[in-house]
Amino acid sequence: MGLFRKKISEEQLSTVKRLLKEANECSRVANEAVTARVFFENYHGLEQKLRELTDYEKYGVFKGNLPSQNLNQIESNFQNDLNLFLQRSYLHLKEKTEKMDEDGARREREKYFRSMEEYKNEFSTYNGKLLKDMEKQNG
């Protein structure tokens with residue numbers, strides 16, 4: 001890096017602000033998600049927004065952590081965040097099915113575990129086993 005930072009244009013600054021807002025929204029939604037599709041789409045959306053934001057680090061517009069640092073952090077924490085999502089979504093499923101008749105509850109559980117199947121290639125061995133154990137409890 002040189003002594004002089006590149007100058008950022010108003011349009012680029014506007015893009016940075018938009019991407020930061022979108023990244024924050026993806027993060028918020030992923031942290032509250034109780035369905036697989038919503039969790040994974042927003043988690044990966046957050047990664048994508050941070051990747052785009054790293055292009056603007058050369059302008060020195062960020063205070064605190066740089067987008068590349070945040071990206072490294074969420075990439076290294078993915079399995080832990082996935083574990084928290086599994087716990088949160090499973091608790092939500094249990095609360096939801098408590099109020100249903102047995103057939104409705106069975107269908108809801110099947111739907112839940114089927115929705116996880118689509119993403120199982122992203123699961124660590126531990127999280128995959130956790131999901132299998134949850135499924136056995138509901139078998």
# chains A, B, ... in the order shown; residues from 1 in each chain; ligands from 1

$ residues_around --residues "Asn31 of chain A" --least-positions-apart "3" --cutoff "10 Å" --atoms "only C-alpha atoms" --output "count of residues only"
14

$ select_by_dssp --residues "chain A" --states "helix (DSSP H, G or I)" --output "PyMOL selection string"
chain A and resi 10-32+36-54+57-59+67-76+78-98+102-117+120-122+125-137

$ closest_residue --among "A:Asn127, A:Gln12, A:Ser89, A:Asn138" --to "Ala33 of chain A" --atoms "only C-alpha atoms"
A:Ser89

$ residues_around --residues "His92 of chain A" --least-positions-apart "2" --cutoff "12 Å" --atoms "only C-alpha atoms" --output "list in words"
Glu32, Ala33, Val34, Thr35, Phe85, Leu86, Gln87, Arg88, Ser89, Tyr90, Lys94, Glu95, Lys96, Thr97, Glu98, Lys99, Glu108, Arg109 and Tyr112 of chain A

$ atom_distance --atom1 "atom CA of Asn77 of chain A" --atom2 "atom CA of Leu50 of chain A"
14.7 Å

$ residues_around --residues "segment 53-68 of chain A" --least-positions-apart "6" --cutoff "9 Å" --atoms "only C-alpha atoms" --output "ChimeraX atom specification"
/A:1,5-8,12-13,15-16,19-20

$ closest_residue --among "A:Met100, A:Glu110, A:Leu93, A:Asn83" --to "Leu131 of chain A" --atoms "only C-alpha atoms"
A:Asn83
